[in-house]
$ cat target_18.tsv   # TSV, C-alpha atoms and all ligand atoms
chain	number	residue	atom	x	y	z
A	25	MET	CA	0.00	0.00	0.00
A	26	LYS	CA	1.21	3.48	-0.88
A	27	THR	CA	2.11	5.56	2.17
A	28	PHE	CA	2.03	9.34	2.58
A	29	ALA	CA	3.48	12.13	4.68
A	30	LEU	CA	0.71	14.41	5.97
A	31	ILE	CA	1.78	18.00	6.64
A	32	THR	CA	-0.47	20.70	8.10
A	33	GLY	CA	0.22	24.35	7.32
A	34	ALA	CA	1.80	23.12	4.09
A	35	SER	CA	0.80	26.00	1.82
A	36	GLN	CA	3.61	28.34	2.86
A	37	GLY	CA	6.51	28.94	5.22
A	38	ILE	CA	8.14	26.01	6.99
A	39	GLY	CA	5.32	23.57	6.14
A	40	ARG	CA	5.76	24.31	2.45
A	41	ALA	CA	9.51	23.68	2.86
A	42	PHE	CA	8.79	20.33	4.57
A	43	ALA	CA	6.69	19.39	1.53
A	44	GLU	CA	9.49	20.36	-0.84
A	45	ASP	CA	12.14	18.46	1.11
A	46	LEU	CA	10.07	15.27	1.40
A	47	ALA	CA	8.98	15.43	-2.24
A	48	SER	CA	12.64	15.72	-3.28
A	49	ARG	CA	13.07	12.39	-1.46
A	50	LYS	CA	10.19	11.02	-3.59
A	51	LYS	CA	7.76	10.87	-0.68
A	52	ASP	CA	4.08	11.12	-1.64
A	53	LEU	CA	2.26	13.92	0.15
A	54	LEU	CA	-1.00	14.98	1.76
A	55	LEU	CA	-1.03	18.76	2.20
A	56	VAL	CA	-3.46	20.39	4.65
A	57	ALA	CA	-3.97	24.14	5.19
A	58	LEU	CA	-6.66	26.80	4.95
A	59	ASP	CA	-8.72	26.60	1.78
A	60	GLU	CA	-6.68	29.30	-0.01
A	61	PRO	CA	-5.08	29.44	-3.48
A	62	ALA	CA	-1.57	28.97	-1.97
A	63	LEU	CA	-2.46	25.40	-0.99
A	64	TYR	CA	-3.37	24.37	-4.54
A	65	GLN	CA	-0.39	26.27	-5.91
A	66	ALA	CA	1.86	24.22	-3.58
A	67	GLN	CA	0.24	21.01	-4.84
A	68	ARG	CA	0.81	21.96	-8.50
A	69	GLU	CA	4.44	22.91	-7.89
A	70	VAL	CA	5.29	19.79	-5.90
A	71	ARG	CA	3.72	17.52	-8.55
A	72	ALA	CA	5.40	19.33	-11.45
A	73	THR	CA	8.85	19.55	-9.85
A	74	HIS	CA	9.14	16.14	-8.21
A	75	GLY	CA	6.51	13.95	-9.90
A	76	VAL	CA	5.18	12.65	-6.58
A	77	GLU	CA	1.55	11.95	-5.74
A	78	CYS	CA	0.12	14.91	-3.85
A	79	HIS	CA	-3.40	15.49	-2.50
A	80	THR	CA	-4.78	18.50	-0.63
A	81	LEU	CA	-7.41	19.25	1.98
A	82	GLY	CA	-8.41	22.87	2.61
A	83	ILE	CA	-9.71	23.14	6.16
A	84	ASP	CA	-9.63	25.48	9.16
A	85	LEU	CA	-8.00	23.44	11.91
A	86	THR	CA	-9.31	25.74	14.64
A	87	GLU	CA	-12.87	24.58	13.95
A	88	ASP	CA	-14.42	21.90	16.16
A	89	GLY	CA	-14.03	18.43	14.65
A	90	ALA	CA	-11.52	19.56	12.00
A	91	ALA	CA	-8.79	17.10	13.01
A	92	ARG	CA	-11.30	14.26	12.91
A	93	ARG	CA	-12.36	15.44	9.44
A	94	VAL	CA	-8.72	15.22	8.30
A	95	TRP	CA	-8.57	11.63	9.55
A	96	GLU	CA	-11.87	10.75	7.83
A	97	TRP	CA	-10.63	12.29	4.55
A	98	THR	CA	-7.60	9.96	4.58
A	99	GLN	CA	-9.84	6.96	5.36
A	100	GLU	CA	-12.40	7.76	2.64
A	101	ASN	CA	-9.60	8.02	0.07
A	102	GLY	CA	-7.49	5.05	1.21
A	103	PHE	CA	-4.47	7.22	2.11
A	104	SER	CA	-2.21	5.51	4.63
A	105	VAL	CA	-0.10	7.93	6.67
A	106	ASP	CA	3.35	6.87	7.95
A	107	THR	CA	4.66	10.41	8.56
A	108	LEU	CA	2.64	13.04	10.40
A	109	ILE	CA	3.84	16.64	10.67
A	110	PRO	CA	1.29	18.81	12.52
A	111	ASN	CA	3.15	22.01	11.67
A	112	ALA	CA	0.38	24.65	11.33
A	113	GLY	CA	0.62	27.29	14.00
A	114	PHE	CA	0.78	31.01	14.60
A	115	GLY	CA	1.99	33.48	17.20
A	116	ARG	CA	1.46	37.03	18.37
A	117	ASN	CA	3.65	39.60	20.10
A	118	GLY	CA	2.60	42.36	22.48
A	119	ILE	CA	1.26	43.12	25.93
A	120	PHE	CA	-0.93	40.21	27.02
A	121	GLU	CA	-4.20	42.02	27.74
A	122	ARG	CA	-4.11	44.14	24.58
A	123	ALA	CA	-5.11	41.28	22.24
A	124	GLU	CA	-8.58	39.81	21.90
A	125	LEU	CA	-9.15	36.70	24.01
A	126	ALA	CA	-10.54	34.99	20.89
A	127	GLU	CA	-7.14	35.28	19.23
A	128	TYR	CA	-5.41	33.47	22.11
A	129	LEU	CA	-8.06	30.75	22.08
A	130	ALA	CA	-7.58	30.24	18.34
A	131	MET	CA	-3.81	30.10	18.85
A	132	MET	CA	-4.18	27.44	21.55
A	133	LYS	CA	-6.58	25.48	19.35
A	134	LEU	CA	-4.27	25.47	16.33
A	135	ASN	CA	-0.91	25.18	18.12
A	136	ASN	CA	-2.02	22.63	20.73
A	137	GLN	CA	-5.52	21.18	20.48
A	138	ALA	CA	-5.29	20.34	16.77
A	139	VAL	CA	-1.84	18.81	17.34
A	140	VAL	CA	-3.13	16.53	20.10
A	141	GLU	CA	-6.27	15.59	18.16
A	142	LEU	CA	-4.39	14.78	14.95
A	143	THR	CA	-1.94	12.66	16.93
A	144	TYR	CA	-4.79	10.86	18.67
A	145	HIS	CA	-6.55	9.99	15.41
A	146	PHE	CA	-3.44	8.97	13.43
A	147	LEU	CA	-1.36	7.19	16.08
A	148	PRO	CA	-3.04	3.76	15.73
A	149	GLN	CA	-2.30	3.80	11.99
A	150	LEU	CA	1.27	5.04	12.52
A	151	LYS	CA	1.83	2.07	14.85
A	152	GLU	CA	0.76	-0.36	12.13
A	153	HIS	CA	3.73	0.61	9.92
A	154	SER	CA	7.11	-1.07	10.40
A	155	ARG	CA	8.62	2.44	10.69
A	156	SER	CA	6.75	5.72	11.06
A	157	TYR	CA	7.46	9.30	12.06
A	158	LEU	CA	5.88	12.10	14.05
A	159	LEU	CA	7.55	15.49	13.62
A	160	TYR	CA	6.38	18.32	15.89
A	161	MET	CA	7.01	22.04	15.45
A	162	SER	CA	7.97	23.68	18.68
A	163	SER	CA	10.31	26.68	18.83
A	164	MET	CA	13.50	27.88	20.45
A	165	GLU	CA	11.05	29.88	22.58
A	166	SER	CA	9.82	26.68	24.20
A	167	ALA	CA	12.97	26.96	26.34
A	168	LEU	CA	11.86	30.37	27.60
A	169	PRO	CA	8.87	31.82	29.40
A	170	LEU	CA	8.65	35.01	27.29
A	171	PRO	CA	7.21	38.36	28.36
A	172	TYR	CA	5.19	39.89	25.49
A	173	LYS	CA	4.87	36.47	23.81
A	174	ALA	CA	3.36	34.76	26.84
A	175	VAL	CA	0.69	32.62	25.18
A	176	TYR	CA	2.70	31.70	22.08
A	177	ALA	CA	5.77	30.64	24.09
A	178	ALA	CA	3.51	28.57	26.36
A	179	THR	CA	1.90	26.79	23.38
A	180	LYS	CA	5.35	25.88	22.07
A	181	ASN	CA	6.38	24.65	25.52
A	182	PHE	CA	3.28	22.44	25.46
A	183	VAL	CA	4.28	20.95	22.09
A	184	TYR	CA	7.83	20.34	23.33
A	185	ASN	CA	6.72	18.50	26.46
A	186	PHE	CA	3.99	16.57	24.66
A	187	ALA	CA	6.44	15.36	21.99
A	188	LEU	CA	9.12	14.23	24.44
A	189	SER	CA	6.60	12.41	26.63
A	190	LEU	CA	4.91	10.69	23.70
A	191	ARG	CA	8.27	9.63	22.27
A	192	GLU	CA	8.94	7.46	25.32
A	193	GLU	CA	5.44	5.97	25.23
A	194	VAL	CA	5.59	4.85	21.61
A	195	LYS	CA	9.23	3.84	21.16
A	196	GLU	CA	8.42	0.11	21.39
A	197	ALA	CA	6.08	0.52	18.40
A	198	ASP	CA	8.83	1.91	16.10
A	199	VAL	CA	7.13	5.30	15.89
A	200	THR	CA	9.89	7.90	16.01
A	201	VAL	CA	8.93	11.21	17.60
A	202	THR	CA	11.08	14.27	16.90
A	203	VAL	CA	10.54	17.85	18.04
A	204	VAL	CA	11.99	20.83	16.15
A	205	CYS	CA	12.91	24.04	17.98
A	206	PRO	CA	13.92	26.74	15.48
A	207	GLY	CA	14.77	30.34	16.27
A	208	PRO	CA	13.33	33.05	14.00
A	209	VAL	CA	12.63	31.86	10.48
A	210	ILE	CA	12.03	34.25	7.59
A	211	THR	CA	8.77	33.04	6.08
A	212	ASN	CA	7.54	36.25	4.43
A	213	GLU	CA	8.50	39.79	3.35
A	214	ASP	CA	7.47	41.32	6.69
A	215	GLY	CA	9.73	38.93	8.58
A	216	LEU	CA	12.61	39.78	6.28
A	217	LYS	CA	12.12	43.54	6.81
A	218	ARG	CA	11.93	43.11	10.59
A	219	ILE	CA	15.17	41.13	10.67
A	220	GLN	CA	16.90	43.68	8.43
A	221	THR	CA	16.00	46.50	10.80
A	222	GLN	CA	17.38	44.53	13.77
A	223	GLY	CA	20.83	44.38	12.16
A	224	ALA	CA	23.78	41.98	12.44
A	225	LYS	CA	22.78	40.43	15.80
A	226	ALA	CA	19.54	39.04	14.39
A	227	LYS	CA	21.23	37.81	11.24
A	228	LEU	CA	23.30	35.41	13.37
A	229	LEU	CA	20.13	33.67	14.45
A	230	VAL	CA	17.67	33.73	11.56
A	231	LEU	CA	17.17	30.89	9.14
A	232	PHE	CA	15.20	30.33	5.96
A	233	PRO	CA	12.43	27.70	5.82
A	234	ASP	CA	14.40	25.35	3.56
A	235	GLN	CA	17.30	25.26	6.06
A	236	VAL	CA	14.92	24.40	8.90
A	237	ALA	CA	13.15	21.73	6.84
A	238	ARG	CA	16.40	20.13	5.71
A	239	GLU	CA	17.79	19.85	9.24
A	240	ALA	CA	14.46	18.75	10.71
A	241	ILE	CA	13.72	16.03	8.15
A	242	ARG	CA	17.30	14.72	8.34
A	243	GLY	CA	16.97	14.58	12.14
A	244	MET	CA	13.58	12.91	11.93
A	245	LEU	CA	14.83	10.19	9.57
A	246	ARG	CA	17.79	9.57	11.88
A	247	GLY	CA	15.44	9.21	14.84
A	248	LYS	CA	16.67	12.28	16.73
A	249	GLN	CA	14.71	13.37	19.79
A	250	ILE	CA	15.23	17.15	19.47
A	251	VAL	CA	16.40	19.20	16.47
A	252	VAL	CA	17.54	22.79	17.05
A	253	PRO	CA	18.46	24.13	13.60
A	254	GLY	CA	21.42	26.54	13.52
A	255	ARG	CA	24.46	26.94	15.80
A	256	THR	CA	23.45	30.17	17.55
A	257	ALA	CA	20.02	28.75	18.35
A	258	LYS	CA	21.65	25.66	19.91
A	259	VAL	CA	23.73	27.82	22.28
A	260	LEU	CA	20.79	30.08	23.21
A	261	THR	CA	18.49	27.10	23.78
A	262	PHE	CA	21.05	25.56	26.12
A	263	LEU	CA	21.32	28.85	28.07
A	264	GLY	CA	17.54	29.25	28.10
A	265	ARG	CA	17.11	25.86	29.71
A	266	THR	CA	19.94	26.13	32.24
A	267	VAL	CA	19.94	29.72	33.57
A	268	PRO	CA	17.66	29.90	36.65
A	269	ALA	CA	14.39	31.87	36.28
A	270	PRO	CA	15.27	34.67	38.79
A	271	TYR	CA	18.26	35.61	36.60
A	272	LYS	CA	16.86	35.09	33.12
A	273	MET	CA	13.34	36.56	33.47
A	274	PRO	CA	14.29	40.24	34.08
A	275	LEU	CA	16.85	39.95	31.28
A	276	LEU	CA	14.28	38.47	28.90
A	277	GLU	CA	11.80	41.22	29.77
A	278	ARG	CA	14.37	43.83	28.76
A	279	MET	CA	15.33	41.96	25.58
A	280	PHE	CA	11.74	41.52	24.41
A	281	ARG	CA	10.45	44.96	25.50
A	282	ALA	CA	10.61	45.99	21.85
A	283	TYR	CA	7.64	43.68	21.22
A	284	ARG	CA	5.36	45.63	23.63
A	285	GLU	CA	3.91	47.83	20.94
A	286	GLU	CA	3.24	45.13	18.30
B	301	LIG	N1	8.47	31.46	11.48
B	301	LIG	C1	9.16	31.33	12.60
B	301	LIG	O1	9.97	32.20	12.96
B	301	LIG	C2	8.96	30.12	13.48
B	301	LIG	C3	9.92	29.85	14.46
B	301	LIG	C4	9.75	28.72	15.27
B	301	LIG	C5	8.64	27.90	15.11
B	301	LIG	N2	7.70	28.20	14.16
B	301	LIG	C6	6.53	27.32	14.03
B	301	LIG	O2	6.56	26.71	12.74
B	301	LIG	C7	5.23	26.46	12.30
B	301	LIG	C8	5.05	27.06	10.92
B	301	LIG	O3	5.29	28.46	11.02
B	301	LIG	P1	5.48	29.38	9.72
B	301	LIG	O4	6.20	30.61	10.17
B	301	LIG	O5	6.01	28.58	8.61
B	301	LIG	O6	3.95	29.80	9.47
B	301	LIG	P2	3.30	30.54	8.19
B	301	LIG	O7	4.33	30.90	7.19
B	301	LIG	O8	2.42	31.62	8.75
B	301	LIG	O9	2.38	29.37	7.60
B	301	LIG	C9	1.38	28.85	8.42
B	301	LIG	C10	0.69	27.73	7.68
B	301	LIG	O10	-0.38	27.25	8.50
B	301	LIG	C11	-1.61	27.39	7.80
B	301	LIG	N3	-2.67	27.77	8.70
B	301	LIG	C12	-2.79	28.91	9.41
B	301	LIG	N4	-3.92	28.90	10.14
B	301	LIG	C13	-4.52	27.72	9.86
B	301	LIG	C14	-5.73	27.12	10.28
B	301	LIG	N5	-6.55	27.75	11.14
B	301	LIG	N6	-6.07	25.91	9.80
B	301	LIG	C15	-5.26	25.28	8.90
B	301	LIG	N7	-4.10	25.78	8.49
B	301	LIG	C16	-3.74	27.00	8.95
B	301	LIG	C17	-1.36	28.49	6.79
B	301	LIG	O11	-2.31	28.38	5.73
B	301	LIG	P3	-2.60	29.70	4.81
B	301	LIG	O12	-1.39	29.84	3.95
B	301	LIG	O13	-3.81	29.40	4.05
B	301	LIG	O14	-2.77	30.85	5.77
B	301	LIG	C18	0.08	28.15	6.37
B	301	LIG	O15	0.10	27.07	5.48
B	301	LIG	C19	4.30	27.05	13.36
B	301	LIG	O16	3.88	26.02	14.24
B	301	LIG	C20	5.19	28.04	14.09
B	301	LIG	O17	4.77	28.25	15.41
B	301	LIG	C21	7.85	29.29	13.33

$ encode --input "target_18.tsv" --output "structure tokens" --more "lines below"
Ligand SMILES: NC(=O)c1ccc[n+]([C@@H]2O[C@H](COP(=O)([O-])OP(=O)(O)OC[C@H]3O[C@@H](n4cnc5c(N)ncnc54)[C@H](OP(=O)(O)O)[C@@H]3O)[C@@H](O)[C@H]2O)c1
Amino acid sequence: MKTFALITGASQGIGRAFAEDLASRKKDLLLVALDEPALYQAQREVRATHGVECHTLGIDLTEDGAARRVWEWTQENGFSVDTLIPNAGFGRNGIFERAELAEYLAMMKLNNQAVVELTYHFLPQLKEHSRSYLLYMSSMESALPLPYKAVYAATKNFVYNFALSLREEVKEADVTVTVVCPGPVITNEDGLKRIQTQGAKAKLLVLFPDQVAREAIRGMLRGKQIVVPGRTAKVLTFLGRTVPAPYKMPLLERMFRAYREE
């Protein structure tokens, strides 16, 4: 039976780069994202460039029952998934109480609830394969409680802990669980402009989506537990996890104060 990699948030950014990297390895793909032209454009490009089989589902993963609908779509079409990458997610910067509560709830639904639900529906099938993969998108920020990114950083901490816990539970079943923790990734023009205005310091840390995808997929296929793409990010992640909270929190507040007004 033909097997597929299912990637959410695959129409642009890092998810799109995951699709490109896997297709270049001749992996057939199931791409899931909002029902927007970019999703179908990604499908056309992947098919034309790599000649792999590629199917799409346009769906809003913050809606109730959406993850179950993704699972049903694969069942109705006889798609067997041996690689699941629940990548779709978004963040927001700024003072906590200045954003709408609805935006935080949507962030938690997409970044966390949809990730857990997709895992829950697909795990029994992943276990049936002789080798299968779960690749989770966390962030370098999962190492840090972050003022002015409080909810986003917490959602990425959730993904990090969930992935590491699940990895131990499923290792007997030959399901490899890997969690990726990138620093800032330039996924659009706005991101590029923001990095350019921050100067040389930021340039040491930022990566492009294809660099993140390459390192993450290589790590996943080698069965790595955690992938932190980029050297600077590795050092900062180590510091973030080891420096005690009373020392790092006031420092982080000063460093991220620039995000207050976003
Ligand atoms: N960019 C970074 O600096 C960075 C750093 C560390 C970790 N990450 C994580 O990496 C992942 C991908 O980030 P990215 O920067 O590549 O994001 P992005 O460029 O904004 O792309 C997000 C993708 O998710 C899809 N999506 C958004 N809302 C959705 C919804 N409600 N239902 C279904 N699909 C939805 C988008 O579809 P549309 O194209 O239709 O909107 C798009 O395909 C996220 O989990 C993010 O937290 C990003």

$ residues_near_ligand --input "target_18.tsv" --ligand "ligand LIG 301 (chain B)" --cutoff "8 Å" --atoms "all atoms listed in the file" --output "MDAnalysis selection string"
chainID A and resid 32:40 56:63 82:87 110:115 130 134:135 161:165 176 180 204:212 230 233

$ atom_distance --input "target_18.tsv" --atom1 "CA of Phe103 (chain A)" --atom2 "CA of Gln67 (chain A)"
16.1 Å

$ closest_residue --input "target_18.tsv" --among "A:Glu213, A:Glu44, A:Glu141, A:Glu96" --to "Ala72 (chain A)" --atoms "only C-alpha atoms"
A:Glu44

$ closest_residue --input "target_18.tsv" --among "A:Pro253, A:Thr107, A:Leu55, A:Tyr184" --to "Asp234 (chain A)" --atoms "only C-alpha atoms"
A:Pro253

$ atom_distance --input "target_18.tsv" --atom1 "CA of Val76 (chain A)" --atom2 "CA of Ser48 (chain A)"
8.7 Å

$ closest_residue --input "target_18.tsv" --among "A:Glu124, A:Asp106, A:Glu192, A:Glu286" --to "Tyr172 (chain A)" --atoms "only C-alpha atoms"
A:Glu286

$ residues_around --input "target_18.tsv" --residues "Leu190 (chain A)" --least-positions-apart "2" --cutoff "10 Å" --atoms "only C-alpha atoms" --output "CSV table (one decimal) with C-alpha atoms, keeping the file's coordinate frame"
chain,number,residue,atom,x,y,z
A,143,THR,CA,-1.9,12.7,16.9
A,158,LEU,CA,5.9,12.1,14.0
A,185,ASN,CA,6.7,18.5,26.5
A,186,PHE,CA,4.0,16.6,24.7
A,187,ALA,CA,6.4,15.4,22.0
A,188,LEU,CA,9.1,14.2,24.4
A,192,GLU,CA,8.9,7.5,25.3
A,193,GLU,CA,5.4,6.0,25.2
A,194,VAL,CA,5.6,4.8,21.6
A,195,LYS,CA,9.2,3.8,21.2
A,199,VAL,CA,7.1,5.3,15.9
A,200,THR,CA,9.9,7.9,16.0
A,201,VAL,CA,8.9,11.2,17.6
A,202,THR,CA,11.1,14.3,16.9

$ closest_residue --input "target_18.tsv" --among "A:His74, A:Leu30, A:Tyr283, A:Ala43" --to "Val94 (chain A)" --atoms "all atoms listed in the file"
A:Leu30

$ atom_distance --input "target_18.tsv" --atom1 "CA of Pro274 (chain A)" --atom2 "CA of Asn117 (chain A)"
17.6 Å

$ closest_atom_pairs --input "target_18.tsv" --of "region 113-169 of chain A" --to "region 246-249 of chain A" --cutoff "12 Å" --atoms "all atoms listed in the file" --output "Markdown table"
| residue | atom | partner | partner_atom | distance |
| --- | --- | --- | --- | --- |
| A:Arg155 | CA | A:Gly247 | CA | 10.5 |
| A:Ser156 | CA | A:Gly247 | CA | 10.1 |
| A:Tyr157 | CA | A:Gly247 | CA | 8.5 |
| A:Leu158 | CA | A:Gly247 | CA | 10.0 |
| A:Leu159 | CA | A:Gln249 | CA | 9.7 |
| A:Tyr160 | CA | A:Gln249 | CA | 10.4 |

$ closest_residue --input "target_18.tsv" --among "A:Val203, A:Ala167, A:Ala177, A:Gly118" --to "Thr261 (chain A)" --atoms "all atoms listed in the file"
A:Ala167

$ closest_residue --input "target_18.tsv" --among "A:Ala138, A:Val175, A:Val70, A:Cys78" --to "Glu121 (chain A)" --atoms "only C-alpha atoms"
A:Val175

$ residues_around --input "target_18.tsv" --residues "region 267-270 of chain A" --least-positions-apart "4" --cutoff "12 Å" --atoms "all atoms listed in the file" --output "NGL selection string"
:A and (167-170 or 260-263 or 274-277)
